[in-house]
Structures are given as C-alpha cells and as structure tokens.
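S.K.: What follows is a single structure, and I will ask about it in a moment.
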Amino acid sequence: MKKTFLSTMAAMFAVAAFAATANIDTTKKFQTIDSFTASDAWSGNFIGKFFDADKKEQLAKWLFSQKFGEDGSPEGIGLSLWRVNLGGGTWEQEGADIVPIQRRAESFLTKDGTKYDWSKAAGQQYFIKKAKEYGCNAFLFFSNTPPVQMTLNGKGYKDTDDFLVNLRPDKFTAFAEYLADCAKHFTDEGYNVRYISPFNEPGWKWSTNAQEGTSWGNPDIKRVSVELDREIQKRGLNAKIFICEAERFEFLYDADSYIKNPERKSSKQRDADKPCDQIRAFFSPDSKDYIGSLKTLSRKIGAHDYHTEKTNEQIVEVREKLAECVKKYNVEFLESEWCMLPYIENLYKKRDGKLGEMDKALHMAKLIHTDLTTVNSCGWGYWKAFEINGSHALTGVFPKNGDICQGGEIMARKKLWALGNYSFFIRPDYKRVALEGVNDLDKVFASAYISPDGKKLVVVAVNAAKQADEIKIALPDAQSVQFKKISQFRTSSSCDLAKIDEREFANAQTIKLPARSITTFVLEADK
C-alpha cells in the first residue's frame with residue numbers, strides 16, 4: 001500500500017524530462033481578433049428583472065470587467081462582444097407552452113404587433129447597459145424566431161418537423177424591418193450594434209416546445225438578407241448582417257453531411273434549398289443563392305461548435321476542411337456559440353467515470369485553441385452566460401423556491417474563468433502570431449497573440465494532462481529584447497484566473513505548467 005501511495009504521489013508531481021519549446025515569431029501574423037462573446041439567452045431577462053441588485057451587478061462584473069482586483073487577478077473575463085437575443089414574444093403570449101419558462105422571451109413589439117414598446121425586455125436591457133459601462137460596447141443582435149405575430153402558426157417554434165421556415169410569406173419584409181428597427185433604436189441610444197444575425201441554427205427542425213426557434217432554407221436566408229440589407233441602408237446603420245450561425249461546422253462546407261443526416265429525413269425542402277454548403281451558396285457568384293455583393297453583409301460567416309468534438313481526430317479534421325473552404329471563397333470565420341451538451345458529458349463519463357468542472361473547462365479550451373489556430377476564427381463565443389444551476393452556462397443561478405421570478409443566489413463556474421484566460425487578455429484588434437512546437441491536444445498546446453502596438457504578447461498554454469509539464473517561451477533575439485516582464489494568470493482546480501507571479505522576462509526560460517491547468521502569459525515591453 002505504501003509503495004502504491006508513493007507511486008501515485010510521484011505521478012502527481014512528475015514533470016516532463018524535456019520542456020516543450022513554444023517558438024514564437026511575431027512577424028508572422030494571421031487573423032485579427034474581432035471578439036469573445038456569450039449570450040444573454042435564455043435567463044438574462046429574468047435575472048435582470050428579478051434578482052437583487054448586488055447579485056446581478058456581480059454577474060455583470062464577472063462577465064464584462066476589464067479591471068484587475070487588489071491581488072492582481074482579473075475581476076471578470078472582459079467579454080468584448082455581447083450576444084443579445086431578440087425574442088419572439090412568447091413570454092407575453094396567451095397560451096404559451098414553451099418550457100421551462102425562462103426560455104420564453106419578450107419581443108419589442110406590442111402584443112397586437114402594431115407598434116414598438118422599448119420598455120420591454122428590461123432585464124436584457126440591464127445587461128446591455130452594464131456591458132457598455134464595463135467597456136464592452138459591441139453587440140450582436142440575434143433572432144431565434146421572427147415575432148409570433150409574423151409566424152405561420154402564431155407560435156415561437158414549429159409544430160411540424162418539415163424543416164420549413166415558420167414565417168408567413170407576406171412577412172419577410174416586416175421581419176427585416178423589425179430587425180433593422182431594433183438595431184436603429186439601440187444605435188440611437190448609444191450602443192454599437194456591430195452585427196445583426198437573423199438565422200440561428202437554420203438546419204434544425206425546431207419542432208418542440210423546448211425553446212423558440214425556426215428552420216430556414218438557403219433561399220429563405222437569401223430573401224431575408226436582401227430585405228435586411230435594404231432596411232439597414234435605409235436607416236444609415238453601420239451594423240453588418242452576420243450569417244448564418246449553422247449548428248455544425250460541416251454544414252458550411254459539405255452538402256452531404258446535412259442531406260444524408262438521418263435527423264433530416266423528414267425535411268420537405270428540396271436538396272438544392274437545404275441549409276448546407278453555405279459558404280459556397282452565399283459567397284460564390286455562380287450560386288443561385290449568392291448574396292456576397294450585398295453592401296451590409298459581413299464577410300464573416302458563423303457556425304456553432306456542436307457535434308464536431310467527439311475525438312481529437314474529428315476536431316482537427318473538420319476544422320481543416322472548414323479552413324480550406326473559408327480560404328477558397330475569401331471569407332472569414334467566426335465561431336459564435338458552444339456549450340457542453342449531454343452527448344459530450346456522457347462520453348467523458350463513459351471513458352473516465354466522471355466529469356468535473358476542470359474537465360469541462362479543458363475541453364472548452366481545446367475547442368477555442370483549435371478554432372483559433374486551425375480555422376483562424378476571428379473570435380469565439382460561449383452559449384449561455386447564465387442559467388439555472390449553470391451546468392451548461394458560464395455562471396449558475398439558484399432561484400428561491402425554484403422560481404426564477406423570485407430572484408436567488410449566484411455562482412461562477414470554472415468555464416467562466418477558463419474562457420477568461422483568452423477573453424480578458426486577447427483584446428479586439430490583437431493578431432494571432434506564429435507559435436510552433438506546442439500542439440499536443442492530449443498534453444500541452446499553446447497559441448500566441450500580439451497587441452496592435454506590439455507592446456504586449458499574450459501566450460495561452462493549456463496542460464490537459466494529469467501530470468505537470470514545462471514550457472519554454474522562445475522568440476528570436478531581435479524580438480525578445482523588447483519584452484521586459486512576464487506575468488502568469490492561471491485557471492486550475494485551485495485557481496480562478498488567478499495571478500500567479502510577475503517576473504523579469506528571460507528568453508526561453510523554463511516555466512512549470514501544473515497538471516490540468518490553463519495559463520496565460522503576458523509579456524510586456526517598457527511603457
């Protein structure tokens with residue numbers, strides 16, 4: 001027994017015999033970072049309305065603060081974009097049956113659909129205001145469903161699994177006007193509405209009462225985008241149309257992955273109209289659904305990370321294929337949503353028998369890393385910023401008596417701080433730079449980013465292994481001399497984005513990486 005115990009302890013504190021060297025070249029630059037984001041859906045409106053001021057203020061600080069606390073650790077994760085749900089109006093709808101109730105959302109239309117009421121969605125507006133106060137003045141307005149006054153069935157979700165759009169044929173223009181009017185109102189209020197995203201996971205059937213949503217075919221996406229482009233220009237907005245937030249990366253570049261998917265067998269769409277192969281469909285001039293010439297269409301295309309991360313091999317293969325397609329059609333990619341869903345939790349439990357907070361955080365870090373380094377994603381987004389219990393969110397809320405309308409307690413999840421290892425330090429307009437020699441998704445992987453003025457270099461290193469390791473941060477001599485100090489910030493089972501130390505920078509020095517940890521190194525030049 002004693003020998004077994006000592007062997008176990010030795011393994012816990014063992015360090016690799018040779019430190020991996022992160023060879024960085026700041027002259028080799030890749031994508032410019034746009035943002036890191038999370039969403040106010042679903043519970044944001046309820047928290048903003050019903051939770052005590054100190055609780056929702058703390059949530060806002062965790063999400064948006066760009067300041068350091070007294071101990072030198074970040075107060076929050078400094079999100080640089082806030083993803084706002086333009087709800088379908090199911091919250092105030094008589095007979096609404098979406099459950100749980102926090103997935104019902106308000107729209108800004110009055111109940112009869114004849115005019116606007118900008119006092120609605122007050123809880124969401126609380127977090128919009130707080131985001132700006134903390135320095136996050138960039139917003140993406142997304143829609144899961146058109147307002148219920150415009151849908152075919154009068155509901156905020158479909159009640160058939162035909163995969164057809166739940167929007168009346170005579171309401172395409174009205175829907176575009178609604179989106180543009182919402183952007184115009186908040187722009188006039190002083191908010192930077194950077195993107196309008198009308199289509200959320202268009203390839204899903206959305207035929208249950210679990211949440212708001214509708215399917216969209218590629219021709220539907222084209223028609224709304226053309227209408228919305230006109231309405232944005234008419235109002236003189238700077239907002240860009242962001243498409244198409246597909247639920248899987250493959251759907252952006254591969255038609256067969258969608259058409260032959262058994263989950264889509266009930267689709268009534270023609271194969272040529274199905275929401276797949278969307279980079280080519282929207283950005284190739286030879287396509288019948290081409291919209292690449294629209295003045296207000298962003299050259300960024302989005303998708304969600306779901307169902308593309310069951311193995312390391314799948315993670316890499318899918319992203320390499322997406323990168324090829326993005327390059328072919330000269331567009332940028334922006335990952336806009338992911339959370340750990342039960343299918344991944346079950347894989348971990350089957351393999352390891354358990355799934356802890358750091359397991360989730362390290363899995364997320366693996367996706368962030370590969371999205372940024374393989375697809376050159378110009379940012380990364382988490383799904384829910386908050387949710388009851390928080391198992392699939394960055395933070396957890398615990399309602400009084402189980403009723404979210406009564407307020408309650410809050411907590412930060414480990415995923416929050418893990419995302420902060422990227423979002424707090426890698427700011428908009430930073431550029432990813434070359435880092436070679438450290439890219440083992442089972443052990444240590446790392447990426448590097450430089451500030452626009454070249455005075456800060458951020459390196460995020462993840463040790464996914466169950467034993468400690470080491471890393472050397474090495475630059476060419478001509479580049480290394482400008483950096484005078486290096487600081488470490490870590491998330492692990494015992495640290496929440498905590499400042500570890502600050503020291504003089506020595507090129508290629510060996511630095512320890514604890515087991516199962518995410519460490520951000522910030523190299524700084526003289527001010």
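Convention: chains lettered A, B, ... in structure tokens order; per-chain residue numbering from 1; ligands numbered from 1 as shown.
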Determine which residues of segment 173-303 of chain A receive a DSSP assignment of strand (DSSP E), computed from the backbone, and state them as a list in words.

M.R.: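 Put together, the selection reads Val193, Arg194, Tyr195, Ile196, Ser197, Lys240, Ile241, Phe242, Ile243, Cys244, Glu245, Ala246, Leu297, Ser298, Arg299, Lys300, Ile301, Gly302 and Ala303 of chain A.
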
S.K.: Per residue of segment 11-76 of chain A within 12 Å of segment 188-212 of chain A, note the shortest atom pair and the distance in Å to one decimal, counting only C-alpha atoms, and order the rows by chain and increasing residue number, as CSV.

M.R.:
residue,atom,partner,partner_atom,distance
A:Asp34,CA,A:Arg194,CA,10.5
A:Ser35,CA,A:Arg194,CA,10.9
A:Ala41,CA,A:Gln211,CA,10.5
A:Trp42,CA,A:Gln211,CA,9.0
A:Ser43,CA,A:Gln211,CA,11.9

S.K.: Using the chain letters and numbers from this document, which residues of segment 230-442 of chain A does DSSP assign to alpha helix (DSSP H), as JSON, numbers by chain?

M.R.: {"A": [230, 231, 232, 233, 234, 255, 256, 257, 258, 259, 278, 279, 280, 281, 282, 283, 312, 313, 314, 315, 316, 317, 318, 319, 320, 321, 322, 323, 324, 325, 326, 327, 328, 342, 343, 344, 345, 346, 347, 348, 349, 350, 351, 352, 357, 358, 359, 360, 361, 362, 363, 364, 365, 366, 367, 368, 369, 370, 371, 372, 373, 374, 414, 415, 416, 417, 418, 419, 420, 421, 422, 423]}

S.K.: Can you build me a table of segment 70-182 of chain A residues sitting at most 9 Å from segment 236-254 of chain A, with the closest atom pair per residue and its distance in Å to one decimal, using only C-alpha atoms, sorted by chain and residue number, as a tab-separated table?

M.R.:
residue	atom	partner	partner_atom	distance
A:Leu140	CA	A:Phe242	CA	8.6
A:Phe142	CA	A:Phe242	CA	8.9
A:Ala180	CA	A:Leu237	CA	8.4

S.K.: Env of Ile221 of chain A: 10 Å cut, atoms = only C-alpha atoms, seq-sep filter 2 positions within chain, self excluded. Answer as a ChimeraX atom specification.

M.R.: /A:165,198-199,202,216-219,223-226,243-244,275,282,289,291

S.K.: Output C-alpha atoms for every residue in the selection just made, as an mmCIF file, in the first residue's frame.

M.R.:
data_model
loop_
_atom_site.group_PDB
_atom_site.id
_atom_site.type_symbol
_atom_site.label_atom_id
_atom_site.label_comp_id
_atom_site.auth_asym_id
_atom_site.auth_seq_id
_atom_site.Cartn_x
_atom_site.Cartn_y
_atom_site.Cartn_z
ATOM 1 C CA VAL A 165 -39.432 28.275 -42.248
ATOM 2 C CA PRO A 198 -31.318 36.737 -38.274
ATOM 3 C CA PHE A 199 -30.743 32.957 -38.546
ATOM 4 C CA PRO A 202 -31.223 27.161 -39.610
ATOM 5 C CA TRP A 216 -34.547 28.328 -42.705
ATOM 6 C CA GLY A 217 -33.666 27.147 -46.200
ATOM 7 C CA ASN A 218 -30.895 28.833 -48.158
ATOM 8 C CA PRO A 219 -33.383 30.708 -50.391
ATOM 9 C CA ARG A 223 -34.508 36.643 -49.254
ATOM 10 C CA VAL A 224 -34.336 37.984 -45.693
ATOM 11 C CA SER A 225 -30.728 39.126 -46.193
ATOM 12 C CA VAL A 226 -31.635 41.101 -49.320
ATOM 13 C CA ILE A 243 -24.834 34.697 -41.374
ATOM 14 C CA CYS A 244 -25.684 32.012 -40.771
ATOM 15 C CA PRO A 275 -29.284 24.942 -45.333
ATOM 16 C CA PHE A 282 -23.828 32.607 -50.322
ATOM 17 C CA ASP A 289 -28.355 31.981 -53.543
ATOM 18 C CA ILE A 291 -25.554 37.405 -51.665
#

S.K.: Quick one: everything within 8 Å of segment 127-132 of chain A, counting only C-alpha atoms, minus sequence neighbours fewer than 5 positions away in the same chain. Send it as number ranges by chain.

M.R.: A: 40, 44, 48, 60, 64, 82, 84, 137-138, 191

S.K.: Save out the residues we just selected, all heavy atoms, as a PDB file, in the first residue's frame.

M.R.:
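result-v2.pdb written:
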ATOM      1  N   ASP A  40     -27.073  36.460 -23.694  1.00  0.00           N
ATOM      2  CA  ASP A  40     -27.995  36.715 -22.583  1.00  0.00           C
ATOM      3  C   ASP A  40     -29.137  35.710 -22.536  1.00  0.00           C
ATOM      4  O   ASP A  40     -29.889  35.658 -21.562  1.00  0.00           O
ATOM      5  CB  ASP A  40     -28.543  38.140 -22.635  1.00  0.00           C
ATOM      6  CG  ASP A  40     -29.434  38.424 -23.850  1.00  0.00           C
ATOM      7  OD1 ASP A  40     -29.690  37.511 -24.661  1.00  0.00           O
ATOM      8  OD2 ASP A  40     -29.878  39.579 -23.993  1.00  0.00           O
ATOM      9  N   GLY A  44     -31.245  35.709 -19.093  1.00  0.00           N
ATOM     10  CA  GLY A  44     -30.809  37.076 -18.808  1.00  0.00           C
ATOM     11  C   GLY A  44     -31.933  38.027 -18.479  1.00  0.00           C
ATOM     12  O   GLY A  44     -31.809  38.877 -17.586  1.00  0.00           O
ATOM     13  N   GLY A  48     -32.071  39.906 -14.878  1.00  0.00           N
ATOM     14  CA  GLY A  48     -32.022  41.362 -14.872  1.00  0.00           C
ATOM     15  C   GLY A  48     -33.241  41.999 -14.238  1.00  0.00           C
ATOM     16  O   GLY A  48     -33.179  43.095 -13.682  1.00  0.00           O
ATOM     17  N   ALA A  60     -22.623  40.848 -13.824  1.00  0.00           N
ATOM     18  CA  ALA A  60     -22.118  41.755 -14.856  1.00  0.00           C
ATOM     19  C   ALA A  60     -20.614  41.950 -14.727  1.00  0.00           C
ATOM     20  O   ALA A  60     -19.884  41.961 -15.726  1.00  0.00           O
ATOM     21  CB  ALA A  60     -22.847  43.091 -14.769  1.00  0.00           C
ATOM     22  N   PHE A  64     -17.999  41.137 -17.720  1.00  0.00           N
ATOM     23  CA  PHE A  64     -17.541  42.258 -18.539  1.00  0.00           C
ATOM     24  C   PHE A  64     -16.333  43.025 -18.007  1.00  0.00           C
ATOM     25  O   PHE A  64     -15.688  43.748 -18.776  1.00  0.00           O
ATOM     26  CB  PHE A  64     -18.687  43.257 -18.737  1.00  0.00           C
ATOM     27  CG  PHE A  64     -19.925  42.668 -19.344  1.00  0.00           C
ATOM     28  CD1 PHE A  64     -21.134  42.679 -18.666  1.00  0.00           C
ATOM     29  CD2 PHE A  64     -19.885  42.086 -20.600  1.00  0.00           C
ATOM     30  CE1 PHE A  64     -22.282  42.147 -19.224  1.00  0.00           C
ATOM     31  CE2 PHE A  64     -21.025  41.533 -21.171  1.00  0.00           C
ATOM     32  CZ  PHE A  64     -22.224  41.566 -20.480  1.00  0.00           C
ATOM     33  N   TRP A  82     -21.284  41.298 -26.798  1.00  0.00           N
ATOM     34  CA  TRP A  82     -22.407  40.726 -26.053  1.00  0.00           C
ATOM     35  C   TRP A  82     -23.476  40.328 -27.058  1.00  0.00           C
ATOM     36  O   TRP A  82     -23.904  41.140 -27.862  1.00  0.00           O
ATOM     37  CB  TRP A  82     -22.941  41.745 -25.056  1.00  0.00           C
ATOM     38  CG  TRP A  82     -23.999  41.278 -24.104  1.00  0.00           C
ATOM     39  CD1 TRP A  82     -25.196  41.895 -23.848  1.00  0.00           C
ATOM     40  CD2 TRP A  82     -23.966  40.146 -23.222  1.00  0.00           C
ATOM     41  NE1 TRP A  82     -25.903  41.216 -22.885  1.00  0.00           N
ATOM     42  CE2 TRP A  82     -25.165  40.124 -22.479  1.00  0.00           C
ATOM     43  CE3 TRP A  82     -23.029  39.125 -23.001  1.00  0.00           C
ATOM     44  CZ2 TRP A  82     -25.468  39.140 -21.538  1.00  0.00           C
ATOM     45  CZ3 TRP A  82     -23.320  38.139 -22.049  1.00  0.00           C
ATOM     46  CH2 TRP A  82     -24.523  38.163 -21.334  1.00  0.00           C
ATOM     47  N   VAL A  84     -27.087  39.375 -27.957  1.00  0.00           N
ATOM     48  CA  VAL A  84     -28.383  39.728 -27.386  1.00  0.00           C
ATOM     49  C   VAL A  84     -29.498  39.044 -28.176  1.00  0.00           C
ATOM     50  O   VAL A  84     -29.582  39.171 -29.397  1.00  0.00           O
ATOM     51  CB  VAL A  84     -28.594  41.257 -27.406  1.00  0.00           C
ATOM     52  CG1 VAL A  84     -29.960  41.623 -26.844  1.00  0.00           C
ATOM     53  CG2 VAL A  84     -27.484  41.966 -26.632  1.00  0.00           C
ATOM     54  N   ASN A 137     -18.664  47.619 -25.552  1.00  0.00           N
ATOM     55  CA  ASN A 137     -19.659  48.342 -26.349  1.00  0.00           C
ATOM     56  C   ASN A 137     -19.677  47.816 -27.776  1.00  0.00           C
ATOM     57  O   ASN A 137     -19.451  48.534 -28.744  1.00  0.00           O
ATOM     58  CB  ASN A 137     -19.393  49.843 -26.352  1.00  0.00           C
ATOM     59  CG  ASN A 137     -20.543  50.616 -26.985  1.00  0.00           C
ATOM     60  OD1 ASN A 137     -21.679  50.148 -27.000  1.00  0.00           O
ATOM     61  ND2 ASN A 137     -20.239  51.778 -27.525  1.00  0.00           N
ATOM     62  N   ALA A 138     -19.916  46.512 -27.893  1.00  0.00           N
ATOM     63  CA  ALA A 138     -20.119  45.881 -29.202  1.00  0.00           C
ATOM     64  C   ALA A 138     -21.150  44.788 -28.998  1.00  0.00           C
ATOM     65  O   ALA A 138     -21.020  43.962 -28.090  1.00  0.00           O
ATOM     66  CB  ALA A 138     -18.813  45.307 -29.746  1.00  0.00           C
ATOM     67  N   TYR A 191     -25.455  52.583 -28.366  1.00  0.00           N
ATOM     68  CA  TYR A 191     -24.841  51.254 -28.362  1.00  0.00           C
ATOM     69  C   TYR A 191     -24.338  50.898 -29.763  1.00  0.00           C
ATOM     70  O   TYR A 191     -24.993  51.196 -30.763  1.00  0.00           O
ATOM     71  CB  TYR A 191     -25.846  50.211 -27.890  1.00  0.00           C
ATOM     72  CG  TYR A 191     -26.316  50.440 -26.475  1.00  0.00           C
ATOM     73  CD1 TYR A 191     -27.537  51.072 -26.219  1.00  0.00           C
ATOM     74  CD2 TYR A 191     -25.536  50.051 -25.385  1.00  0.00           C
ATOM     75  CE1 TYR A 191     -27.969  51.293 -24.926  1.00  0.00           C
ATOM     76  CE2 TYR A 191     -25.964  50.271 -24.084  1.00  0.00           C
ATOM     77  CZ  TYR A 191     -27.183  50.896 -23.859  1.00  0.00           C
ATOM     78  OH  TYR A 191     -27.604  51.120 -22.568  1.00  0.00           O
TER      79      TYR A 191
END

S.K.: What's the 10 Å shell around segment 480-483 of chain A, counting only C-alpha atoms, without same-chain residues fewer than 2 positions away, as a list in words?

M.R.: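 What passes the distance filter is Ile24, Asp25, Thr26, Gly454, Lys455, Lys456, Leu457, Ile473, Ala474, Leu475, Pro476, Asp477, Ala478, Lys485, Ile486, Glu504, Phe505, Ala506, Asn507, Ala508, Val522, Leu523, Glu524, Ala525 and Asp526 of chain A.
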
S.K.: Save out the residues we just selected, N, CA and C atoms, as a short mmCIF file (atom, residue, chain, number, x, y, z; two decimals), in the first residue's frame.

M.R.:
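Printed below is out_2.cif as written:
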data_model
loop_
_atom_site.label_atom_id
_atom_site.label_comp_id
_atom_site.auth_asym_id
_atom_site.auth_seq_id
_atom_site.Cartn_x
_atom_site.Cartn_y
_atom_site.Cartn_z
N ILE A 24 8.02 31.31 -31.02
CA ILE A 24 7.11 32.37 -31.44
C ILE A 24 7.82 33.31 -32.39
N ASP A 25 7.12 33.69 -33.45
CA ASP A 25 7.63 34.69 -34.39
C ASP A 25 6.55 35.75 -34.56
N THR A 26 6.74 36.91 -33.97
CA THR A 26 5.71 37.96 -34.01
C THR A 26 5.59 38.64 -35.37
N GLY A 454 2.29 46.29 -30.56
CA GLY A 454 3.42 45.39 -30.41
C GLY A 454 4.03 45.36 -29.03
N LYS A 455 3.40 46.00 -28.05
CA LYS A 455 3.99 46.09 -26.71
C LYS A 455 3.52 45.00 -25.76
N LYS A 456 2.52 44.21 -26.16
CA LYS A 456 2.06 43.10 -25.35
C LYS A 456 1.98 41.85 -26.21
N LEU A 457 2.49 40.77 -25.67
CA LEU A 457 2.40 39.46 -26.31
C LEU A 457 1.70 38.52 -25.34
N ILE A 473 9.11 29.67 -23.48
CA ILE A 473 8.62 30.67 -24.42
C ILE A 473 9.83 31.32 -25.07
N ALA A 474 9.99 31.05 -26.37
CA ALA A 474 11.20 31.46 -27.07
C ALA A 474 10.87 32.32 -28.28
N LEU A 475 11.55 33.46 -28.38
CA LEU A 475 11.43 34.34 -29.53
C LEU A 475 12.80 34.56 -30.14
N PRO A 476 12.87 34.93 -31.42
CA PRO A 476 14.16 35.35 -31.98
C PRO A 476 14.74 36.49 -31.14
N ASP A 477 16.03 36.53 -31.03
CA ASP A 477 16.68 37.52 -30.16
C ASP A 477 16.22 38.94 -30.45
N ALA A 478 16.08 39.28 -31.73
CA ALA A 478 15.70 40.65 -32.09
C ALA A 478 14.30 41.00 -31.59
N LYS A 485 9.07 42.11 -19.01
CA LYS A 485 8.49 41.35 -17.89
C LYS A 485 7.46 40.37 -18.41
N ILE A 486 7.20 39.37 -17.59
CA ILE A 486 6.22 38.34 -17.92
C ILE A 486 5.37 38.06 -16.68
N GLU A 504 10.87 39.29 -14.28
CA GLU A 504 11.61 39.76 -15.45
C GLU A 504 11.59 38.67 -16.51
N PHE A 505 11.40 39.08 -17.75
CA PHE A 505 11.34 38.10 -18.82
C PHE A 505 12.73 37.68 -19.25
N ALA A 506 12.94 36.38 -19.30
CA ALA A 506 14.19 35.81 -19.81
C ALA A 506 13.82 34.88 -20.95
N ASN A 507 14.38 35.11 -22.11
CA ASN A 507 14.01 34.34 -23.28
C ASN A 507 14.32 32.86 -23.09
N ALA A 508 13.35 32.01 -23.46
CA ALA A 508 13.49 30.56 -23.40
C ALA A 508 13.67 30.01 -21.99
N VAL A 522 1.57 36.94 -20.07
CA VAL A 522 1.52 38.26 -20.68
C VAL A 522 2.93 38.84 -20.64
N LEU A 523 3.52 38.99 -21.82
CA LEU A 523 4.84 39.60 -21.94
C LEU A 523 4.66 41.07 -22.30
N GLU A 524 5.35 41.94 -21.59
CA GLU A 524 5.17 43.37 -21.79
C GLU A 524 6.50 44.08 -22.03
N ALA A 525 6.44 45.05 -22.94
CA ALA A 525 7.60 45.89 -23.21
C ALA A 525 7.59 47.07 -22.23
N ASP A 526 8.66 47.84 -22.22
CA ASP A 526 8.68 49.05 -21.41
C ASP A 526 7.59 49.99 -21.89
#

S.K.: Excluding Glu106 of chain A and residues on its chain fewer than 5 positions from it, collect all residues at most 12 Å away from it, counting only C-alpha atoms, and give them as a PyMOL selection string.

M.R.: chain A and resi 41-46+85-93+96+101+111+116-125+143-148+156+212

S.K.: Restricted to C-alpha atoms, what would the selected residues look like written as a PDB file, in the first residue's frame?

M.R.:
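Okay, this is what ended up in out.pdb:
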ATOM      1  CA  ALA A  41     -30.385  33.928 -23.596  1.00  0.00           C
ATOM      2  CA  TRP A  42     -32.179  32.366 -22.072  1.00  0.00           C
ATOM      3  CA  SER A  43     -32.243  33.571 -18.473  1.00  0.00           C
ATOM      4  CA  GLY A  44     -30.809  37.076 -18.808  1.00  0.00           C
ATOM      5  CA  ASN A  45     -34.147  38.827 -18.952  1.00  0.00           C
ATOM      6  CA  PHE A  46     -35.367  37.113 -15.773  1.00  0.00           C
ATOM      7  CA  ASN A  85     -31.491  37.646 -28.095  1.00  0.00           C
ATOM      8  CA  LEU A  86     -34.224  39.479 -30.000  1.00  0.00           C
ATOM      9  CA  GLY A  87     -37.016  37.332 -28.620  1.00  0.00           C
ATOM     10  CA  GLY A  88     -40.139  36.181 -30.419  1.00  0.00           C
ATOM     11  CA  GLY A  89     -42.668  37.407 -27.879  1.00  0.00           C
ATOM     12  CA  THR A  90     -43.649  34.085 -26.309  1.00  0.00           C
ATOM     13  CA  TRP A  91     -43.336  35.426 -22.754  1.00  0.00           C
ATOM     14  CA  GLU A  92     -46.380  37.671 -23.025  1.00  0.00           C
ATOM     15  CA  GLN A  93     -48.312  35.373 -25.360  1.00  0.00           C
ATOM     16  CA  ALA A  96     -47.629  29.992 -24.497  1.00  0.00           C
ATOM     17  CA  ILE A 101     -40.472  29.301 -18.711  1.00  0.00           C
ATOM     18  CA  LYS A 111     -48.966  42.409 -28.111  1.00  0.00           C
ATOM     19  CA  TYR A 116     -42.971  49.189 -30.524  1.00  0.00           C
ATOM     20  CA  ASP A 117     -42.588  49.221 -26.746  1.00  0.00           C
ATOM     21  CA  TRP A 118     -38.943  49.893 -25.916  1.00  0.00           C
ATOM     22  CA  SER A 119     -39.517  49.386 -22.192  1.00  0.00           C
ATOM     23  CA  LYS A 120     -39.887  45.652 -22.763  1.00  0.00           C
ATOM     24  CA  ALA A 121     -37.104  43.096 -22.185  1.00  0.00           C
ATOM     25  CA  ALA A 122     -35.991  45.264 -19.268  1.00  0.00           C
ATOM     26  CA  GLY A 123     -33.813  42.529 -17.805  1.00  0.00           C
ATOM     27  CA  GLN A 124     -31.930  42.111 -21.052  1.00  0.00           C
ATOM     28  CA  GLN A 125     -31.540  45.860 -21.299  1.00  0.00           C
ATOM     29  CA  SER A 143     -33.027  36.045 -33.626  1.00  0.00           C
ATOM     30  CA  ASN A 144     -34.196  32.514 -32.973  1.00  0.00           C
ATOM     31  CA  THR A 145     -37.655  33.133 -34.425  1.00  0.00           C
ATOM     32  CA  PRO A 146     -39.493  36.030 -36.023  1.00  0.00           C
ATOM     33  CA  PRO A 147     -42.014  37.680 -33.687  1.00  0.00           C
ATOM     34  CA  VAL A 148     -45.037  35.443 -33.134  1.00  0.00           C
ATOM     35  CA  GLY A 156     -42.432  30.960 -31.419  1.00  0.00           C
ATOM     36  CA  GLU A 212     -38.024  29.468 -29.526  1.00  0.00           C
TER      37      GLU A 212
END

S.K.: Please report the interatomic distance between atom CA of Thr491 of chain A and atom CA of Lys431 of chain A in Å with one decimal.

M.R.: 23.1 Å

S.K.: Please report the interatomic distance between atom CA of Ala465 of chain A and atom CA of Leu79 of chain A in Å with one decimal.

M.R.: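 These atoms are spaced 27.7 Å apart.
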
S.K.: Nearest residue to Asp52 of chain A out of A:Gln406, A:Asp220, A:Glu502, A:Ala19, using only C-alpha atoms?

M.R.: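 When distances to Asp52 of chain A are compared using only C-alpha atoms, the smallest one comes from A:Gln406.
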
S.K.: Gln58 of chain A: which residues within 12 Å, counting only C-alpha atoms, same-chain residues fewer than 2 positions away excluded, as a list of chain:residue names?

M.R.: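 That gives A:Ile47, A:Gly48, A:Phe51, A:Asp52, A:Ala53, A:Asp54, A:Lys55, A:Lys56, A:Ala60, A:Lys61, A:Trp62, A:Leu63, A:Phe64, A:Ser65, A:Glu75, A:Gly76, A:Phe127, A:Lys130, A:Tyr134, A:Thr395, A:Val397, A:Glu409, A:Ile410, A:Met411, A:Ala412.
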
S.K.: Closest to Leu322 of chain A among A:Thr214, A:Thr370, A:Thr160, A:Ser293, using only C-alpha atoms?

M.R.: A:Thr370

S.K.: Can you work out the spacing between atom CA of Ser266 of chain A and atom CA of Tyr157 of chain A in Å, to one decimal?

M.R.: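 Taking atom CA of Ser266 of chain A and atom CA of Tyr157 of chain A, their separation equals 16.8 Å.
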
S.K.: Which is closer to Ile315 of chain A than all the others in A:Asp71, A:Asp496, A:Asp371, A:Glu263, using only C-alpha atoms?

M.R.: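 Among the listed residues, A:Asp371 lies closest to Ile315 of chain A.
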
S.K.: May I ask which of the residues A:Ser73, A:Ser493, A:Gln269, A:Thr374 is the closest one to Arg319 of chain A, counting only C-alpha atoms?

M.R.: A:Thr374
